[in-house]
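See below for upload-v5.csv, which holds CSV, C-alpha atoms.
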```
chain,number,residue,atom,x,y,z
H,784,MET,CA,4.7,20.5,-37.2
H,785,VAL,CA,4.3,22.1,-33.7
H,786,THR,CA,2.3,20.0,-31.3
H,787,ARG,CA,2.7,22.2,-28.2
H,788,LEU,CA,2.8,26.0,-28.2
H,789,VAL,CA,3.7,28.1,-25.1
H,790,LEU,CA,2.8,31.7,-25.3
H,791,GLY,CA,4.6,33.7,-22.6
H,792,CYS,CA,6.9,32.2,-20.0
H,793,GLY,CA,6.6,33.5,-16.5
H,794,SER,CA,7.3,31.6,-13.3
H,795,LEU,CA,4.7,29.0,-14.0
H,796,GLY,CA,5.6,28.9,-17.7
H,797,GLN,CA,9.2,28.0,-16.9
H,798,LEU,CA,8.1,25.0,-14.9
H,799,LEU,CA,5.8,23.9,-17.7
H,800,VAL,CA,8.4,24.4,-20.4
H,801,ASP,CA,11.0,22.4,-18.5
H,802,THR,CA,8.5,19.5,-18.2
H,803,LEU,CA,7.1,19.7,-21.8
H,804,ASP,CA,10.5,19.8,-23.4
H,805,GLU,CA,11.3,16.3,-22.0
H,806,ARG,CA,8.1,14.8,-23.5
H,807,PRO,CA,7.7,13.4,-27.1
H,808,GLY,CA,6.5,15.8,-29.7
H,809,THR,CA,7.6,19.3,-30.7
H,810,LEU,CA,7.6,22.4,-28.6
H,811,GLN,CA,7.7,26.1,-29.5
H,812,VAL,CA,7.8,29.0,-27.0
H,813,ILE,CA,7.1,32.6,-27.8
H,814,VAL,CA,8.0,35.3,-25.3
H,815,ASN,CA,7.7,39.0,-25.4
H,816,ASP,CA,11.2,39.7,-24.1
H,817,THR,CA,14.3,39.2,-26.3
H,818,ASN,CA,16.6,38.4,-23.4
H,819,ARG,CA,14.2,35.9,-22.1
H,820,ALA,CA,14.1,34.2,-25.5
H,821,GLU,CA,17.9,34.0,-25.6
H,822,THR,CA,18.0,32.6,-22.1
H,823,LEU,CA,15.6,29.8,-23.0
H,824,ARG,CA,17.5,29.0,-26.2
H,825,GLY,CA,20.6,28.8,-24.1
H,826,ASP,CA,18.9,26.1,-22.0
H,827,GLY,CA,18.0,24.2,-25.2
H,828,ILE,CA,14.4,25.4,-25.3
H,829,PRO,CA,13.1,26.4,-28.8
H,830,ALA,CA,12.0,29.9,-28.2
H,831,THR,CA,11.5,33.1,-30.3
H,832,GLN,CA,10.8,36.7,-29.4
H,833,GLY,CA,7.3,37.9,-30.3
H,834,ASP,CA,4.2,39.7,-29.1
H,835,SER,CA,1.8,36.9,-28.2
H,836,THR,CA,-1.1,39.3,-28.4
H,837,ASP,CA,-0.3,40.1,-32.0
H,838,SER,CA,-1.5,37.7,-34.7
H,839,GLU,CA,1.5,38.7,-36.8
H,840,ALA,CA,3.8,36.9,-34.3
H,841,LEU,CA,2.2,33.6,-35.2
H,842,PRO,CA,2.2,33.3,-39.0
H,843,TRP,CA,4.6,30.4,-39.1
H,844,THR,CA,2.1,28.3,-37.2
H,845,ARG,CA,-0.9,28.9,-39.5
H,846,ASP,CA,-0.3,25.8,-41.6
H,847,SER,CA,1.0,23.7,-38.7
H,848,THR,CA,-0.9,21.3,-36.5
H,849,VAL,CA,-1.0,22.7,-32.9
H,850,ASP,CA,-2.4,20.2,-30.5
H,851,SER,CA,-2.2,22.4,-27.4
H,852,VAL,CA,-1.6,26.0,-26.5
H,853,ILE,CA,-0.5,27.1,-23.1
H,854,VAL,CA,-0.8,30.8,-22.1
H,855,ALA,CA,1.6,31.3,-19.3
H,856,SER,CA,3.0,34.8,-18.7
H,857,ASP,CA,2.7,36.4,-15.3
H,858,ASP,CA,0.8,39.4,-16.7
H,859,ALA,CA,-2.9,38.8,-16.2
H,860,GLU,CA,-4.1,41.2,-18.9
H,861,ARG,CA,-1.6,39.9,-21.4
H,862,ASN,CA,-2.8,36.4,-20.7
H,863,ARG,CA,-6.4,37.5,-21.4
H,864,ARG,CA,-5.6,39.0,-24.7
H,865,THR,CA,-3.3,36.1,-25.7
H,866,ALA,CA,-6.0,33.5,-24.8
H,867,LEU,CA,-8.5,35.3,-27.0
H,868,LEU,CA,-6.1,35.3,-30.0
H,869,ALA,CA,-5.1,31.7,-29.4
H,870,ARG,CA,-8.7,30.5,-29.4
H,871,GLU,CA,-9.4,32.4,-32.6
H,872,THR,CA,-6.2,31.2,-34.3
H,873,TYR,CA,-6.3,27.5,-33.1
H,874,PRO,CA,-10.0,26.7,-32.6
H,875,ASP,CA,-9.3,23.0,-32.3
H,876,ALA,CA,-6.4,23.1,-30.0
H,877,LEU,CA,-6.5,22.3,-26.3
H,878,LEU,CA,-6.1,25.7,-24.6
H,879,VAL,CA,-4.7,26.0,-21.1
H,880,ALA,CA,-4.5,29.5,-19.7
H,881,TYR,CA,-2.8,30.8,-16.5
H,882,THR,CA,-4.6,33.7,-14.9
H,883,GLY,CA,-1.3,35.4,-14.0
H,884,GLU,CA,-0.8,37.6,-11.0
H,885,ASN,CA,-3.5,39.9,-9.7
H,886,ALA,CA,-6.2,38.8,-12.1
H,887,ASP,CA,-9.6,40.4,-11.5
H,888,ASP,CA,-13.0,38.8,-12.0
H,889,GLU,CA,-13.3,40.1,-15.6
H,890,ILE,CA,-10.1,38.4,-16.6
H,891,ARG,CA,-11.0,35.2,-14.9
H,892,SER,CA,-14.4,35.2,-16.6
H,893,THR,CA,-12.9,35.8,-20.1
H,894,LEU,CA,-10.3,33.0,-19.6
H,895,SER,CA,-13.0,30.6,-18.4
H,896,ALA,CA,-15.1,31.3,-21.5
H,897,VAL,CA,-12.3,30.7,-24.0
H,898,ALA,CA,-9.9,28.2,-22.4
H,899,ASP,CA,-10.4,24.5,-21.8
H,900,ARG,CA,-8.7,24.8,-18.5
H,901,VAL,CA,-7.8,27.8,-16.4
H,902,ILE,CA,-4.9,27.7,-13.8
H,903,ASP,CA,-5.8,30.1,-11.1
H,904,PRO,CA,-3.2,30.3,-8.2
H,905,GLY,CA,-5.8,31.8,-5.9
H,906,VAL,CA,-8.2,28.9,-6.4
H,907,ALA,CA,-5.3,26.4,-6.1
H,908,LEU,CA,-4.3,27.9,-2.8
H,909,THR,CA,-7.8,27.8,-1.5
H,910,GLU,CA,-8.2,24.2,-2.5
H,911,GLN,CA,-4.9,23.4,-0.7
H,912,VAL,CA,-6.0,25.1,2.4
H,913,LEU,CA,-9.3,23.3,2.4
H,914,ALA,CA,-7.6,20.0,1.8
H,915,SER,CA,-5.3,20.6,4.8
H,916,ALA,CA,-8.3,21.6,6.9
H,917,GLY,CA,-10.2,18.5,5.7
H,918,ARG,CA,-9.1,14.9,5.5
H,919,GLN,CA,-5.4,15.6,5.6
H,920,GLY,CA,-5.8,18.0,8.5
H,921,HIS,CA,-7.9,15.5,10.3
H,922,ARG,CA,-5.2,12.8,10.0
H,923,VAL,CA,-2.6,15.2,11.3
H,924,ARG,CA,-4.7,16.1,14.3
H,925,GLN,CA,-5.3,12.4,15.0
H,926,LEU,CA,-1.5,11.8,14.9
H,927,HIS,CA,-0.9,14.7,17.3
H,928,ARG,CA,-3.7,13.5,19.6
H,929,THR,CA,-2.2,9.9,19.7
H,930,LEU,CA,1.3,11.2,20.5
H,931,ARG,CA,0.0,13.5,23.2
H,932,ASP,CA,-1.9,10.6,24.8
H,933,LEU,CA,1.1,8.5,25.3
H,934,ASP,CA,2.4,8.5,28.9
H,935,GLY,CA,5.9,7.2,28.1
H,936,ARG,CA,8.4,6.7,25.4
H,937,LEU,CA,7.6,6.0,21.8
H,938,ALA,CA,9.6,3.4,19.8
H,939,VAL,CA,9.7,4.5,16.1
H,940,VAL,CA,10.7,1.3,14.4
H,941,MET,CA,12.2,1.1,10.9
H,942,HIS,CA,12.3,-2.1,8.9
H,943,ASP,CA,15.4,-4.3,9.1
H,944,ASN,CA,18.5,-3.0,7.4
H,945,PRO,CA,17.0,0.5,6.9
H,946,ASP,CA,17.4,2.6,3.8
H,947,PRO,CA,17.4,6.4,3.6
H,948,ASP,CA,13.6,6.5,3.3
H,949,ALA,CA,13.1,4.6,6.5
H,950,ILE,CA,15.8,6.5,8.3
H,951,ALA,CA,14.5,9.9,7.3
H,952,SER,CA,10.9,8.9,8.1
H,953,ALA,CA,11.9,7.7,11.6
H,954,ILE,CA,13.9,10.8,12.4
H,955,ALA,CA,11.0,13.0,11.2
H,956,LEU,CA,8.4,11.2,13.3
H,957,ALA,CA,10.7,11.1,16.3
H,958,ASN,CA,11.3,14.9,16.0
H,959,LEU,CA,7.5,15.5,15.7
H,960,ALA,CA,6.9,13.4,18.8
H,961,GLU,CA,9.5,15.3,20.8
H,962,ARG,CA,7.9,18.6,19.9
H,963,LEU,CA,4.7,17.2,21.4
H,964,ASN,CA,6.5,16.3,24.6
H,965,CYS,CA,6.5,12.6,23.7
H,966,PRO,CA,10.1,11.2,24.0
H,967,ALA,CA,10.9,8.9,21.1
H,968,ASP,CA,13.6,6.6,19.9
H,969,PRO,CA,14.3,5.8,16.2
H,970,CYS,CA,14.9,2.1,16.3
H,971,TYR,CA,16.2,-0.6,13.9
H,972,SER,CA,17.5,-4.1,13.7
H,973,GLY,CA,19.9,-5.6,11.2
H,974,ASP,CA,22.6,-3.4,9.7
H,975,ILE,CA,23.0,-0.2,7.8
H,976,THR,CA,25.1,-1.7,5.1
H,977,HIS,CA,25.5,0.7,2.1
H,978,GLN,CA,28.3,3.2,2.4
H,979,GLU,CA,26.0,6.1,1.4
H,980,ASN,CA,23.4,5.1,4.1
H,981,ARG,CA,26.1,5.0,6.8
H,982,ALA,CA,27.4,8.4,5.6
H,983,LEU,CA,23.9,9.8,5.9
H,984,VAL,CA,23.7,8.7,9.6
H,985,ASN,CA,27.2,9.7,10.5
H,986,LEU,CA,27.4,13.1,8.8
H,987,LEU,CA,24.1,14.2,10.1
H,988,GLU,CA,24.8,12.6,13.5
H,989,TYR,CA,21.5,10.8,13.8
H,990,ASP,CA,21.0,9.1,17.1
H,991,LEU,CA,19.5,5.7,16.2
H,992,LEU,CA,18.9,2.9,18.7
H,993,HIS,CA,20.2,-0.4,17.3
H,994,PHE,CA,18.9,-3.6,18.7
H,995,GLU,CA,21.9,-5.8,18.2
H,996,ASN,CA,20.2,-9.1,19.3
H,997,ASP,CA,17.5,-8.5,16.6
H,998,ALA,CA,14.8,-8.6,19.3
H,999,PHE,CA,13.0,-5.5,20.5
H,1000,ASP,CA,12.3,-5.1,24.2
H,1001,LEU,CA,9.0,-3.2,24.4
H,1002,SER,CA,8.9,-3.0,28.2
H,1003,ASP,CA,10.3,0.5,28.2
H,1004,TYR,CA,7.8,1.9,25.7
H,1005,SER,CA,4.2,3.1,25.8
H,1006,GLY,CA,3.9,3.1,22.1
H,1007,VAL,CA,5.3,1.7,18.9
H,1008,ALA,CA,5.2,3.4,15.5
H,1009,LEU,CA,6.2,1.7,12.2
H,1010,VAL,CA,7.7,3.7,9.4
H,1011,ASP,CA,8.3,2.6,5.8
H,1012,HIS,CA,6.6,-0.7,6.5
H,1013,ALA,CA,3.2,-1.6,7.9
H,1014,ARG,CA,3.1,-4.9,9.9
H,1015,PRO,CA,4.9,-5.8,13.1
H,1016,GLY,CA,7.0,-8.9,12.8
H,1017,VAL,CA,7.2,-8.5,9.0
H,1018,ASN,CA,10.6,-7.2,8.0
H,1019,ASP,CA,11.4,-6.2,11.5
H,1020,GLN,CA,12.1,-8.0,14.7
H,1021,LEU,CA,8.9,-7.0,16.6
H,1022,PRO,CA,6.7,-9.6,18.2
H,1023,ARG,CA,3.8,-10.5,15.9
H,1024,ASP,CA,1.4,-10.9,18.8
H,1025,GLY,CA,-1.4,-8.4,18.1
H,1026,ASP,CA,-2.4,-8.1,21.7
H,1027,ARG,CA,0.8,-6.3,22.5
H,1028,TYR,CA,-0.3,-3.4,20.2
H,1029,ARG,CA,-3.7,-2.7,21.5
H,1030,HIS,CA,-4.6,0.3,23.6
H,1031,ARG,CA,-4.3,-0.4,27.3
H,1032,SER,CA,-6.0,2.8,28.5
H,1033,PRO,CA,-7.3,6.1,27.2
H,1034,SER,CA,-3.9,7.7,27.9
H,1035,THR,CA,-1.6,4.8,27.1
H,1036,ALA,CA,-1.2,2.9,23.9
H,1037,GLN,CA,1.1,0.1,22.7
H,1038,ALA,CA,0.9,1.3,19.1
H,1039,CYS,CA,0.5,4.4,17.0
```

Mind converting the file's structure to structure tokens?
Amino acid sequence: MVTRLVLGCGSLGQLLVDTLDERPGTLQVIVNDTNRAETLRGDGIPATQGDSTDSEALPWTRDSTVDSVIVASDDAERNRRTALLARETYPDALLVAYTGENADDEIRSTLSAVADRVIDPGVALTEQVLASAGRQGHRVRQLHRTLRDLDGRLAVVMHDNPDPDAIASAIALANLAERLNCPADPCYSGDITHQENRALVNLLEYDLLHFENDAFDLSDYSGVALVDHARPGVNDQLPRDGDRYRHRSPSTAQAC
């Protein structure tokens, strides 16, 4: 019994095949190119060579249960023809079709009519751009504006005994601030204990400010940013007094 059938295996198809092969159920891939089929088999993927636009390439699946069919070559016209055959051959299966490269409106229209879901890289790119220009873009602009408004140094504070997530986040934010002409110090209290974490800092020569007395002196900073944790005084050595982190003027803030 074949539960998932992949017809064609271009750049997107390879990503899908790698993911689907790790999931429960059976998988079968049919590709037009013999060398491609051999490469997939060498990677442990059950693949055969066959023309996905020819019904004769699919006889072994006639009596099998196919839950889903994924049409995923890079050739837009081949995907159109394959999707039409797949819908006719497996009317009850979930059909997902990739438009392929350089698909025109006719191909997109055909795929939309026969497939349950169409993966269109052009639409996906447009959605990503719109998302960046929308809420995500707004948040980025807010962050940039806040950093530019600071008239002094920014303390980028990690949680106590920072792990790689905290260290990397602090370095990234400090670098961003520096690019916006806002000097910043990645800061932490406690210890970097694990050997791998110390190696990360030493090999990459990260310049981290360590408060050895476990008490942050905020007098030298116009702003404080927390990374990999959310509340001052909780899992860090910052004062918990909320008044310390309020805006003091339109151009100077005690917190980001």

Nearest to H:Asn885, chosen from H:Glu860, H:Thr865, H:Asp899, H:Asn964, with all atoms listed in the file counted in the distances: H:Glu860

Per-residue nearest contacts stretch 832-874 of chain H to stretch 807-825 of chain H, cut-off 8 Å, using all atoms listed in the file, as a tab-separated table:
```
residue	atom	partner	partner_atom	distance
H:Gln832	CA	H:Val814	CA	5.2
H:Gly833	CA	H:Asn815	CA	5.0
H:Asp834	CA	H:Asn815	CA	5.1
H:Ser835	CA	H:Ile813	CA	6.8
```

Å distance separating atom CA of H:Thr786 from atom CA of H:Glu884, one decimal place: 27.0 Å

H:Val984 surroundings by all atoms listed in the file, 10 Å radius, close-in-sequence under 6 positions cut, as a VMD selection string: chain H and resid 947 950 to 951 975 990 to 991

Residue among H:Leu959, H:Leu986, H:Ala949, H:Ala898 lying closest to H:Leu926, counting only C-alpha atoms: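 Smallest distance to H:Leu926 is found for H:Leu959.
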
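Proximity of H:Leu963, H:Ser794, H:Asp1000, H:Arg1014 to H:His927, computed with only C-alpha atoms, is greatest for H:Leu963.
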
Separation of atom CA of H:Ile828 from atom CA of H:Leu894 in Å: 26.5 Å

All residues 12 Å or closer to H:Pro874, all atoms listed in the file, same chain fewer than 5 positions away omitted, as a PyMOL selection string: chain H and resi 845+848-852+866-869+897-899
